[in-house]
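This report refers to the structure that appears directly beneath it.
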Amino acid sequence: MPQRINLKVNGEEREVEAPARRLLVDLLRYDLGLTGTKEGCSVGVCGACTVLVDGEMVASCITLAASVDGSEVTTIEGLAHDGRLHPVQQAFIDYGGFQCGICTPGQVMAAKALLDENPRPTEEEIRDWMMGNLCRCTGYYKILESVVAAMGSSSANSSSADREGQSS
Amino acid sequence: MIDFEFHQATDLDHAFALMSDYGDDSRLMSGGTALVLQMKQRFSQPGHVIGLRRIPGLDSIEETEDGNVRIGALCSQRQVENHPLVLERLPLVAEAYRHVATPRIRNMATVGGGLAHGDPNQDPPPALIALGASVELSSANGVRRILPAEDLFVDYFETDVRPGEIVTGLVAPPAAEGAGTAYMKFLPRTADDYATVSVAAVLTPDEEGKCGDVRIALGSVGLTPIRARAAEEALRGQPLTEKNIRAAVATVPDAVDPLDDHRGSADYKREMAEVFARRAIIQAMANSSRV
Amino acid sequence: MKLENRCVVPASRDTTWDLMMDLPRVAPCVPGLSELESDGAGCFRGTLQAQAGPMRVNLTGTVRITAQDSDRGEARFLLEAADRRLGGSVKTTLDLRMNPTDDGQTELTIATDTAFMGALGTLGQPIIRRKAAATVEEFARNLAGLVERSG
Ligand SMILES: Cc1cc2nc3c(=O)[nH]c(=O)nc-3n(C[C@H](O)[C@H](O)[C@H](O)COP(=O)(O)OP(=O)(O)OC[C@H]3O[C@@H](n4cnc5c(N)ncnc54)[C@H](O)[C@@H]3O)c2cc1C
Ligand code: FES
Ligand code: FES
């Protein structure tokens, strides 16, 4: 049975008619064409499909779109503003936080959720939080470095240029 | 997934009305982390899904008049692990919820959904059983049933939540004065996995350092969480020596009845249950203010 | 997947044999089995409801006797059933062996070899084994009750 689902996606009101079985990841990718969000495992394990619903990170592959009707959803497409990348995105570029990139939107969304909630996490807190975002390429060290770097910059909200030389 | 109708319950009465309308052909959904997977894997094919997450008033954590802590069924599992009252009064509960999957799953998953799920591999149930927590079940017309957590789990993925009932809360007593608690999750594979074996222990040494009250419960070692009653019995009243602890946990392999799976053979889990029961007891002693 | 379960029926082998070959009579002893109907040609249709873990299955299909040897007390059944909604099916060869015990009862061995298809194949075998053993136990209790009632 199709039903009307209203979401505010990356700040924009969207209305979609979809059956109740529509998963949030599919609604984003196929109904709204927001293919930045990736699907990996489809069972809540890998984190590739991470998006924020009302500010909280969720696995969109096991979220029924109908169940979040009326919510605000933030995807990777919603992070950059006025042609400027979000500090977390910029840090992943600057610090080599990705290779093939399939896990990256999920990593970035997870890292953003962490820094929104806890602007100065310890390295252990970062590891703990990011544990649920799997990556087959980077070996994780570069991801960790990227998040640490983003932490330095997002509180100051500086551009990437300000952070040059901060890595060691 | 086959198609179904989704109904967002706006309050408890609405949920009960929907449940009576759709009966057997409906499933309740809170966080959906377990249910959506079951539906995706076609294990469950309800015609109607009743969403509970928007029901107001079921997501608070507060102290009751008699000094227990009441946790609303719609609290997310992360809310529980981080709540100051839980951290202070129920450190064992915070610890057990912190071991569930990943922060993302704990954001989505609720306390009530987790209890009703009835998977013997879950982390919180052994801790709740060891503490002597109770589950609050509500049905239409204000009817309530309070069930010891221990009695909730009746079989593999089967609980004593009856048709027409909704889990509305969890009430847990803080451990006794001087008690130490511990939760041990044996995870040989990855940190976000289900336990191969898990053990929760609540132990109260008496003034002389002997074992007073003790409760030990295990997860992932049978069709339900299992209480190690023989081990408790053997330890109660005894000096807390290594020898006595070893003798007590020697009863654990007989108390458990694990399934073979990719996390280990039944024999291996039986052995690990003994090892981790011993470690949990020792850890609980270390966490007690009396030893 | 192969399973073998045993139980003791409090009746002679001949009585047990007659009972087991009369499917509509033993049908009520099988936990979860309903509506066994004969097609008149040795084939029976029925529905079996079972729960194993999170999966509730509703298997509808047929059972027929494909071989029987009353002298040896052995019979073979073929069961084919599907759960339309889950999108899965099973095909089971079931061998019954009846051996007289020293005290005049009958040891009944139920050996099955099952192929699971579709969604049913995703459920863990250890739990199916556990459930099958419990089901045979319940079947045996029911069967004993039936034997007693029929005197
Ligand atoms: C990737 C992944 C990893 C996991 N790892 C772990 C782990 O390491 N440790 C662990 O303990 N658990 C783990 N889990 C399981 C997790 O604990 C459960 O999925 C979760 O607790 C279910 O809560 P929920 O609110 O999402 O329930 P739902 O999925 O909404 O519901 C679960 C069941 O309860 C019923 N139900 C829901 N709410 C109620 C209610 N209020 N009253 C009555 N019935 C209700 C539903 O009908 C359904 O049968 C994992 C899950 C996933 C997806
Ligand atoms: S695709 Fe959603 S967690 Fe892997
Ligand atoms: S960059 Fe390839 S999987 Fe992470």
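Chains: A, B, ... in order of the structure tokens. Residues: from 1 per chain. Ligands: from 1, in order shown.
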
Report task. Do a neighbour search on region 4-13 of chain C at 12 Å with only C-alpha atoms, toss out local chain neighbours closer than 2 positions, and write the hits as a VMD selection string. Result -> chain C and resid 1 to 2 15 to 20 70 to 74 93 to 114 129 to 151

Find the residues in chain B near chain A: any atom within 8 Å counts, using only C-alpha atoms. Write them as a tab-separated table (two decimals) with all heavy atoms, in the first residue's frame.
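Final output, iface06.tsv:
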```
chain	number	residue	atom	x	y	z
B	1	MET	N	11.27	-8.29	0.98
B	1	MET	CA	10.16	-7.99	1.89
B	1	MET	C	8.85	-7.96	1.11
B	1	MET	O	8.79	-7.31	0.08
B	1	MET	CB	10.38	-6.60	2.51
B	1	MET	CG	10.69	-6.63	3.96
B	1	MET	SD	10.58	-4.99	4.72
B	1	MET	CE	12.11	-4.22	4.19
B	2	ILE	N	7.84	-8.64	1.62
B	2	ILE	CA	6.54	-8.48	0.99
B	2	ILE	C	5.92	-7.20	1.55
B	2	ILE	O	6.36	-6.70	2.58
B	2	ILE	CB	5.59	-9.68	1.26
B	2	ILE	CG1	5.28	-9.80	2.74
B	2	ILE	CG2	6.15	-10.96	0.69
B	2	ILE	CD1	3.99	-10.54	3.00
B	3	ASP	N	4.94	-6.70	0.88
B	3	ASP	CA	4.42	-5.43	1.37
B	3	ASP	C	3.46	-5.63	2.54
B	3	ASP	O	2.94	-6.71	2.78
B	3	ASP	CB	3.73	-4.65	0.24
B	3	ASP	CG	3.79	-3.14	0.55
B	3	ASP	OD1	4.62	-2.74	1.39
B	3	ASP	OD2	3.02	-2.39	-0.04
B	4	PHE	N	3.32	-4.56	3.28
B	4	PHE	CA	2.49	-4.58	4.48
B	4	PHE	C	1.99	-3.16	4.66
B	4	PHE	O	2.36	-2.27	3.90
B	4	PHE	CB	3.33	-5.01	5.70
B	4	PHE	CG	4.59	-4.22	5.85
B	4	PHE	CD1	4.60	-3.02	6.56
B	4	PHE	CD2	5.78	-4.64	5.26
B	4	PHE	CE1	5.76	-2.27	6.68
B	4	PHE	CE2	6.95	-3.89	5.37
B	4	PHE	CZ	6.93	-2.71	6.09
B	5	GLU	N	1.14	-2.98	5.65
B	5	GLU	CA	0.72	-1.62	5.97
B	5	GLU	C	1.43	-1.17	7.22
B	5	GLU	O	1.59	-1.95	8.17
B	5	GLU	CB	-0.80	-1.57	6.20
B	5	GLU	CG	-1.58	-1.39	4.92
B	5	GLU	CD	-3.07	-1.29	5.20
B	5	GLU	OE1	-3.48	-0.32	5.89
B	5	GLU	OE2	-3.79	-2.18	4.75
B	6	PHE	N	1.87	0.07	7.23
B	6	PHE	CA	2.55	0.60	8.40
B	6	PHE	C	1.62	1.56	9.14
B	6	PHE	O	1.03	2.45	8.52
B	6	PHE	CB	3.83	1.33	7.99
B	6	PHE	CG	4.59	1.86	9.18
B	6	PHE	CD1	5.38	1.01	9.94
B	6	PHE	CD2	4.50	3.20	9.54
B	6	PHE	CE1	6.06	1.49	11.04
B	6	PHE	CE2	5.18	3.68	10.65
B	6	PHE	CZ	5.97	2.82	11.40
B	8	GLN	N	1.51	4.12	12.39
B	8	GLN	CA	2.27	4.78	13.44
B	8	GLN	C	1.33	5.01	14.62
B	8	GLN	O	0.38	5.79	14.52
B	8	GLN	CB	2.81	6.10	12.91
B	8	GLN	CG	3.81	6.80	13.78
B	8	GLN	CD	5.22	6.23	13.67
B	8	GLN	OE1	5.59	5.38	14.47
B	8	GLN	NE2	5.99	6.68	12.70
B	32	GLY	N	13.11	-1.24	15.36
B	32	GLY	CA	13.05	-1.94	14.07
B	32	GLY	C	14.33	-2.67	13.71
B	32	GLY	O	14.40	-3.34	12.68
B	33	THR	N	15.37	-2.59	14.55
B	33	THR	CA	16.65	-3.19	14.16
B	33	THR	C	16.54	-4.70	14.02
B	33	THR	O	17.21	-5.30	13.18
B	33	THR	CB	17.77	-2.87	15.17
B	33	THR	OG1	17.36	-3.34	16.46
B	33	THR	CG2	18.05	-1.38	15.23
B	36	VAL	N	12.98	-5.35	11.22
B	36	VAL	CA	13.17	-5.07	9.80
B	36	VAL	C	14.09	-6.13	9.18
B	36	VAL	O	13.86	-6.61	8.07
B	36	VAL	CB	13.71	-3.64	9.56
B	36	VAL	CG1	14.07	-3.43	8.09
B	36	VAL	CG2	12.68	-2.61	9.99
B	37	LEU	N	15.10	-6.54	9.94
B	37	LEU	CA	15.97	-7.60	9.43
B	37	LEU	C	15.19	-8.90	9.23
B	37	LEU	O	15.35	-9.57	8.21
B	37	LEU	CB	17.11	-7.87	10.43
B	37	LEU	CG	18.37	-7.08	10.21
B	37	LEU	CD1	19.45	-7.53	11.19
B	37	LEU	CD2	18.86	-7.26	8.79
B	51	GLY	N	4.01	0.81	14.48
B	51	GLY	CA	5.15	1.55	14.99
B	51	GLY	C	4.86	2.13	16.36
B	51	GLY	O	3.85	2.79	16.58
B	101	ALA	N	26.25	-4.39	19.98
B	101	ALA	CA	26.58	-3.99	18.61
B	101	ALA	C	27.44	-2.73	18.55
B	101	ALA	O	28.51	-2.66	19.14
B	101	ALA	CB	25.29	-3.82	17.81
B	102	THR	N	26.93	-1.72	17.84
B	102	THR	CA	27.68	-0.49	17.57
B	102	THR	C	26.82	0.70	18.02
B	102	THR	O	25.62	0.57	18.19
B	102	THR	CB	27.94	-0.36	16.07
B	102	THR	OG1	26.68	-0.38	15.40
B	102	THR	CG2	28.78	-1.52	15.56
B	103	PRO	N	27.45	1.89	18.17
B	103	PRO	CA	26.66	3.05	18.59
B	103	PRO	C	25.45	3.29	17.68
B	103	PRO	O	24.39	3.70	18.13
B	103	PRO	CB	27.66	4.21	18.50
B	103	PRO	CG	28.99	3.57	18.69
B	103	PRO	CD	28.88	2.21	18.06
B	104	ARG	N	25.61	3.02	16.40
B	104	ARG	CA	24.50	3.27	15.47
B	104	ARG	C	23.31	2.37	15.76
B	104	ARG	O	22.17	2.82	15.78
B	104	ARG	CB	24.97	3.04	14.02
B	104	ARG	CG	23.96	3.36	12.95
B	104	ARG	CD	24.58	3.29	11.56
B	104	ARG	NE	25.70	2.37	11.54
B	104	ARG	CZ	26.96	2.74	11.55
B	104	ARG	NH1	27.29	3.99	11.48
B	104	ARG	NH2	27.91	1.83	11.57
B	105	ILE	N	23.58	1.10	16.03
B	105	ILE	CA	22.49	0.18	16.36
B	105	ILE	C	21.88	0.58	17.71
B	105	ILE	O	20.66	0.58	17.89
B	105	ILE	CB	22.99	-1.29	16.41
B	105	ILE	CG1	23.48	-1.74	15.03
B	105	ILE	CG2	21.91	-2.23	16.94
B	105	ILE	CD1	22.43	-1.80	13.96
B	107	ASN	N	21.66	3.48	18.98
B	107	ASN	CA	20.85	4.68	18.77
B	107	ASN	C	19.44	4.30	18.36
B	107	ASN	O	18.47	4.95	18.72
B	107	ASN	CB	21.40	5.46	17.57
B	107	ASN	CG	22.14	6.68	17.98
B	107	ASN	OD1	22.03	7.13	19.11
B	107	ASN	ND2	22.91	7.22	17.06
B	108	MET	N	19.36	3.29	17.53
B	108	MET	CA	18.08	2.91	16.94
B	108	MET	C	17.31	1.96	17.86
B	108	MET	O	16.11	2.07	18.01
B	108	MET	CB	18.31	2.20	15.60
B	108	MET	CG	19.11	3.01	14.58
B	108	MET	SD	19.56	2.03	13.13
B	108	MET	CE	17.97	1.77	12.36
B	191	ALA	N	34.82	-6.83	17.70
B	191	ALA	CA	34.28	-6.15	18.87
B	191	ALA	C	32.79	-5.85	18.75
B	191	ALA	O	32.13	-5.59	19.75
B	191	ALA	CB	35.05	-4.85	19.10
B	192	ASP	N	32.24	-5.89	17.52
B	192	ASP	CA	30.82	-5.57	17.39
B	192	ASP	C	29.96	-6.81	17.25
B	192	ASP	O	28.80	-6.74	16.92
B	192	ASP	CB	30.58	-4.62	16.21
B	192	ASP	CG	30.99	-5.26	14.88
B	192	ASP	OD1	31.70	-6.29	14.92
B	192	ASP	OD2	30.61	-4.73	13.83
```

Query raised in the report: Counting only C-alpha atoms, which residues of chain C come no farther than 9 Å from chain B, as a list of chain:residue names?
Result: C:Ala52, C:Gly53, C:Pro54, C:Met55, C:Arg56, C:Val57, C:Arg85, C:Leu86, C:Gly87, C:Ala119, C:Leu120, C:Thr122, C:Leu123, C:Gly124, C:Gln125, C:Pro126, C:Ile127, C:Arg130

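Our summary of the geometry notes that CA of Met151 (chain A) is positioned 7.9 Å from CA of Val88 (chain A).
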
Requested in this report: Kindly provide, as a PyMOL selection string, all nucleotide and amino acid residues lying within 12 Å of ligand 3, counting only C-alpha atoms and all ligand atoms.
Outcome: chain A and resi 38-41+46-48+92-93+96-108+133-143

Report task. Please identify which residues in region 38-267 of chain B DSSP calls helix (DSSP H, G or I) from the backbone, and express them as a PyMOL selection string. Result -> chain B and resi 38-40+77-82+84-89+91-98+103-108+111-117+124-131+149-152+229-235+242-249+252-255+266-267

Among region 8-156 of chain A, which ones does DSSP place in strand (DSSP E), written as a PDB file with N, CA and C atoms, in the first residue's frame?
```pdb
ATOM      1  N   LYS A   8      12.214  16.077   5.552  1.00  0.00           N
ATOM      2  CA  LYS A   8      13.005  17.254   5.226  1.00  0.00           C
ATOM      3  C   LYS A   8      14.422  16.742   4.997  1.00  0.00           C
ATOM      4  N   VAL A   9      14.809  16.658   3.726  1.00  0.00           N
ATOM      5  CA  VAL A   9      16.091  16.054   3.397  1.00  0.00           C
ATOM      6  C   VAL A   9      17.098  17.146   3.079  1.00  0.00           C
ATOM      7  N   GLU A  12      15.546  20.445   2.690  1.00  0.00           N
ATOM      8  CA  GLU A  12      14.507  20.664   1.689  1.00  0.00           C
ATOM      9  C   GLU A  12      13.324  19.740   1.942  1.00  0.00           C
ATOM     10  N   GLU A  13      12.109  20.267   1.914  1.00  0.00           N
ATOM     11  CA  GLU A  13      10.925  19.428   2.125  1.00  0.00           C
ATOM     12  C   GLU A  13      10.732  18.512   0.924  1.00  0.00           C
ATOM     13  N   ARG A  14      10.610  17.239   1.166  1.00  0.00           N
ATOM     14  CA  ARG A  14      10.384  16.304   0.067  1.00  0.00           C
ATOM     15  C   ARG A  14       9.180  15.446   0.398  1.00  0.00           C
ATOM     16  N   GLU A  15       8.380  15.167  -0.629  1.00  0.00           N
ATOM     17  CA  GLU A  15       7.253  14.263  -0.421  1.00  0.00           C
ATOM     18  C   GLU A  15       7.382  13.118  -1.407  1.00  0.00           C
ATOM     19  N   VAL A  16       7.272  11.914  -0.885  1.00  0.00           N
ATOM     20  CA  VAL A  16       7.431  10.736  -1.742  1.00  0.00           C
ATOM     21  C   VAL A  16       6.257   9.811  -1.485  1.00  0.00           C
ATOM     22  N   GLU A  17       5.748   9.223  -2.558  1.00  0.00           N
ATOM     23  CA  GLU A  17       4.740   8.194  -2.369  1.00  0.00           C
ATOM     24  C   GLU A  17       5.437   6.848  -2.533  1.00  0.00           C
ATOM     25  N   ALA A  18       5.364   6.045  -1.493  1.00  0.00           N
ATOM     26  CA  ALA A  18       6.112   4.784  -1.540  1.00  0.00           C
ATOM     27  C   ALA A  18       5.405   3.738  -0.702  1.00  0.00           C
ATOM     28  N   PRO A  19       5.609   2.467  -1.048  1.00  0.00           N
ATOM     29  CA  PRO A  19       5.023   1.414  -0.222  1.00  0.00           C
ATOM     30  C   PRO A  19       5.698   1.382   1.149  1.00  0.00           C
ATOM     31  N   THR A  50      25.020   4.931   6.551  1.00  0.00           N
ATOM     32  CA  THR A  50      24.750   5.847   7.655  1.00  0.00           C
ATOM     33  C   THR A  50      24.222   7.207   7.190  1.00  0.00           C
ATOM     34  N   VAL A  51      23.085   7.598   7.752  1.00  0.00           N
ATOM     35  CA  VAL A  51      22.579   8.963   7.566  1.00  0.00           C
ATOM     36  C   VAL A  51      22.120   9.457   8.934  1.00  0.00           C
ATOM     37  N   LEU A  52      21.829  10.742   9.024  1.00  0.00           N
ATOM     38  CA  LEU A  52      21.331  11.269  10.289  1.00  0.00           C
ATOM     39  C   LEU A  52      19.825  11.485  10.179  1.00  0.00           C
ATOM     40  N   VAL A  53      19.090  10.986  11.170  1.00  0.00           N
ATOM     41  CA  VAL A  53      17.660  11.240  11.241  1.00  0.00           C
ATOM     42  C   VAL A  53      17.434  12.056  12.508  1.00  0.00           C
ATOM     43  N   GLU A  56      20.418  12.083  14.743  1.00  0.00           N
ATOM     44  CA  GLU A  56      20.983  10.835  15.267  1.00  0.00           C
ATOM     45  C   GLU A  56      21.403   9.947  14.110  1.00  0.00           C
ATOM     46  N   MET A  57      22.555   9.294  14.249  1.00  0.00           N
ATOM     47  CA  MET A  57      22.943   8.447  13.120  1.00  0.00           C
ATOM     48  C   MET A  57      22.180   7.133  13.150  1.00  0.00           C
ATOM     49  N   VAL A  58      21.719   6.732  11.988  1.00  0.00           N
ATOM     50  CA  VAL A  58      21.001   5.463  11.853  1.00  0.00           C
ATOM     51  C   VAL A  58      21.544   4.708  10.641  1.00  0.00           C
ATOM     52  N   ALA A  59      21.241   3.431  10.615  1.00  0.00           N
ATOM     53  CA  ALA A  59      21.553   2.606   9.447  1.00  0.00           C
ATOM     54  C   ALA A  59      20.321   2.663   8.554  1.00  0.00           C
ATOM     55  N   GLU A  72      13.732  15.005   9.955  1.00  0.00           N
ATOM     56  CA  GLU A  72      14.774  15.653   9.169  1.00  0.00           C
ATOM     57  C   GLU A  72      15.866  14.647   8.901  1.00  0.00           C
ATOM     58  N   VAL A  73      16.244  14.534   7.647  1.00  0.00           N
ATOM     59  CA  VAL A  73      17.277  13.574   7.278  1.00  0.00           C
ATOM     60  C   VAL A  73      18.462  14.331   6.691  1.00  0.00           C
ATOM     61  N   THR A  74      19.659  13.997   7.155  1.00  0.00           N
ATOM     62  CA  THR A  74      20.855  14.598   6.570  1.00  0.00           C
ATOM     63  C   THR A  74      21.687  13.498   5.932  1.00  0.00           C
TER      64      THR A  74
END
```

What are the closest atom pairs, with distances in Å to one decimal, for all residues of chain B lying within 6 Å of ligand 1? Consider only C-alpha atoms and all ligand atoms, order rows by chain and residue number, and present the result as CSV.
```
residue,atom,partner,partner_atom_place_in_ligand_line,distance
B:Arg27,CA,ligand 1,47 (O),4.6
B:Leu28,CA,ligand 1,47 (O),3.8
B:Met29,CA,ligand 1,30 (O),3.7
B:Ser30,CA,ligand 1,30 (O),3.4
B:Gly31,CA,ligand 1,26 (O),3.3
B:Gly32,CA,ligand 1,29 (O),3.3
B:Thr33,CA,ligand 1,26 (O),3.7
B:Ala34,CA,ligand 1,29 (O),3.5
B:Leu35,CA,ligand 1,29 (O),3.8
B:Ala73,CA,ligand 1,41 (N),5.8
B:Val100,CA,ligand 1,9 (N),3.7
B:Ala101,CA,ligand 1,5 (N),3.7
B:Ala109,CA,ligand 1,26 (O),3.7
B:Thr110,CA,ligand 1,25 (O),3.6
B:Gly112,CA,ligand 1,41 (N),4.3
B:Gly113,CA,ligand 1,27 (O),3.4
B:Gly114,CA,ligand 1,21 (O),3.1
B:Ala116,CA,ligand 1,34 (O),4.1
B:His117,CA,ligand 1,33 (C),4.0
B:Gln122,CA,ligand 1,11 (O),3.0
B:Asp123,CA,ligand 1,11 (O),3.8
B:Pro124,CA,ligand 1,11 (O),5.9
B:Ile166,CA,ligand 1,42 (N),3.7
B:Val167,CA,ligand 1,42 (N),3.7
B:Thr168,CA,ligand 1,41 (N),5.7
B:Asp192,CA,ligand 1,8 (O),5.7
B:Asp193,CA,ligand 1,8 (O),4.9
B:Tyr194,CA,ligand 1,8 (O),3.9
```

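Distance-wise, CA of Ala81 (chain C) and CA of Gly23 (chain B) end up 26.2 Å apart.
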
**Report entry** Spatial neighbours of Gly132 (chain B), 12 Å, only C-alpha atoms, chain gap at least 3 places, as a VMD selection string
**Finding:** chain B and resid 68 90 92 to 93 125 to 129 135 147 to 152 170 to 176 200 to 202 213 to 217 227

Keeping N, CA and C atoms for every residue in the selection just given, could you write it to a file as a short mmCIF file (atom, residue, chain, number, x, y, z; two decimals), in the first residue's frame?
```cif
data_model
loop_
_atom_site.label_atom_id
_atom_site.label_comp_id
_atom_site.auth_asym_id
_atom_site.auth_seq_id
_atom_site.Cartn_x
_atom_site.Cartn_y
_atom_site.Cartn_z
N ASN B 68 14.34 2.12 43.20
CA ASN B 68 14.73 1.42 41.98
C ASN B 68 14.85 2.42 40.83
N LEU B 90 23.08 1.93 38.40
CA LEU B 90 23.05 0.62 37.74
C LEU B 90 24.23 0.47 36.78
N LEU B 92 26.11 -1.84 36.12
CA LEU B 92 26.10 -3.11 35.39
C LEU B 92 25.20 -3.03 34.16
N VAL B 93 24.07 -2.34 34.31
CA VAL B 93 23.13 -2.20 33.20
C VAL B 93 23.74 -1.33 32.10
N PRO B 125 20.14 -9.05 28.72
CA PRO B 125 19.39 -9.96 29.59
C PRO B 125 20.17 -10.59 30.74
N PRO B 126 21.39 -11.13 30.53
CA PRO B 126 22.07 -11.70 31.70
C PRO B 126 22.27 -10.67 32.82
N ALA B 127 22.61 -9.44 32.46
CA ALA B 127 22.82 -8.41 33.48
C ALA B 127 21.51 -8.12 34.22
N LEU B 128 20.41 -8.04 33.47
CA LEU B 128 19.13 -7.72 34.09
C LEU B 128 18.68 -8.86 35.01
N ILE B 129 18.95 -10.09 34.59
CA ILE B 129 18.58 -11.25 35.41
C ILE B 129 19.43 -11.29 36.67
N VAL B 135 10.28 -6.63 34.28
CA VAL B 135 9.78 -6.06 33.04
C VAL B 135 8.31 -5.71 33.24
N LEU B 147 6.84 -8.70 35.50
CA LEU B 147 7.42 -10.03 35.35
C LEU B 147 8.92 -9.95 35.64
N PRO B 148 9.44 -10.85 36.50
CA PRO B 148 10.90 -10.85 36.67
C PRO B 148 11.56 -11.10 35.32
N ALA B 149 12.63 -10.38 35.03
CA ALA B 149 13.31 -10.53 33.73
C ALA B 149 13.64 -12.00 33.48
N GLU B 150 13.95 -12.69 34.55
CA GLU B 150 14.32 -14.10 34.43
C GLU B 150 13.20 -14.94 33.80
N ASP B 151 11.95 -14.56 34.07
CA ASP B 151 10.83 -15.35 33.56
C ASP B 151 10.36 -14.90 32.18
N LEU B 152 10.95 -13.82 31.68
CA LEU B 152 10.51 -13.30 30.38
C LEU B 152 10.91 -14.23 29.24
N LEU B 170 11.11 -1.12 32.20
CA LEU B 170 12.04 -2.03 32.85
C LEU B 170 12.33 -1.40 34.20
N VAL B 171 12.24 -2.19 35.26
CA VAL B 171 12.54 -1.65 36.58
C VAL B 171 13.69 -2.45 37.17
N ALA B 172 14.76 -1.76 37.51
CA ALA B 172 15.93 -2.49 38.02
C ALA B 172 16.32 -1.93 39.38
N PRO B 173 16.58 -2.83 40.34
CA PRO B 173 17.06 -2.39 41.65
C PRO B 173 18.57 -2.22 41.62
N PRO B 174 19.07 -1.17 42.23
CA PRO B 174 20.53 -1.07 42.34
C PRO B 174 21.05 -2.26 43.14
N ALA B 175 22.27 -2.68 42.86
CA ALA B 175 22.85 -3.79 43.62
C ALA B 175 22.95 -3.37 45.09
N ALA B 176 22.95 -4.35 45.99
CA ALA B 176 22.94 -4.07 47.42
C ALA B 176 24.20 -3.30 47.83
N ALA B 200 27.12 -12.30 33.50
CA ALA B 200 26.94 -11.18 34.42
C ALA B 200 26.93 -11.73 35.84
N ALA B 201 27.61 -11.04 36.74
CA ALA B 201 27.64 -11.49 38.13
C ALA B 201 27.36 -10.31 39.05
N VAL B 202 26.56 -10.57 40.08
CA VAL B 202 26.33 -9.59 41.14
C VAL B 202 26.65 -10.29 42.45
N ASP B 213 25.07 -12.70 49.26
CA ASP B 213 24.20 -13.01 48.14
C ASP B 213 25.01 -12.98 46.85
N VAL B 214 24.68 -13.86 45.93
CA VAL B 214 25.35 -13.86 44.63
C VAL B 214 24.37 -14.33 43.56
N ARG B 215 24.40 -13.65 42.42
CA ARG B 215 23.58 -14.08 41.28
C ARG B 215 24.43 -14.02 40.03
N ILE B 216 24.37 -15.11 39.26
CA ILE B 216 25.19 -15.22 38.05
C ILE B 216 24.28 -15.64 36.90
N ALA B 217 24.33 -14.92 35.78
CA ALA B 217 23.52 -15.31 34.63
C ALA B 217 24.38 -15.26 33.38
N ARG B 227 20.54 -18.92 34.26
CA ARG B 227 21.11 -18.57 35.56
C ARG B 227 21.92 -19.73 36.10
#
```

Query raised in the report: Which distance in Å separates CA of Gln238 (chain B) and CA of Tyr183 (chain B), to one decimal?
Result: 22.0 Å
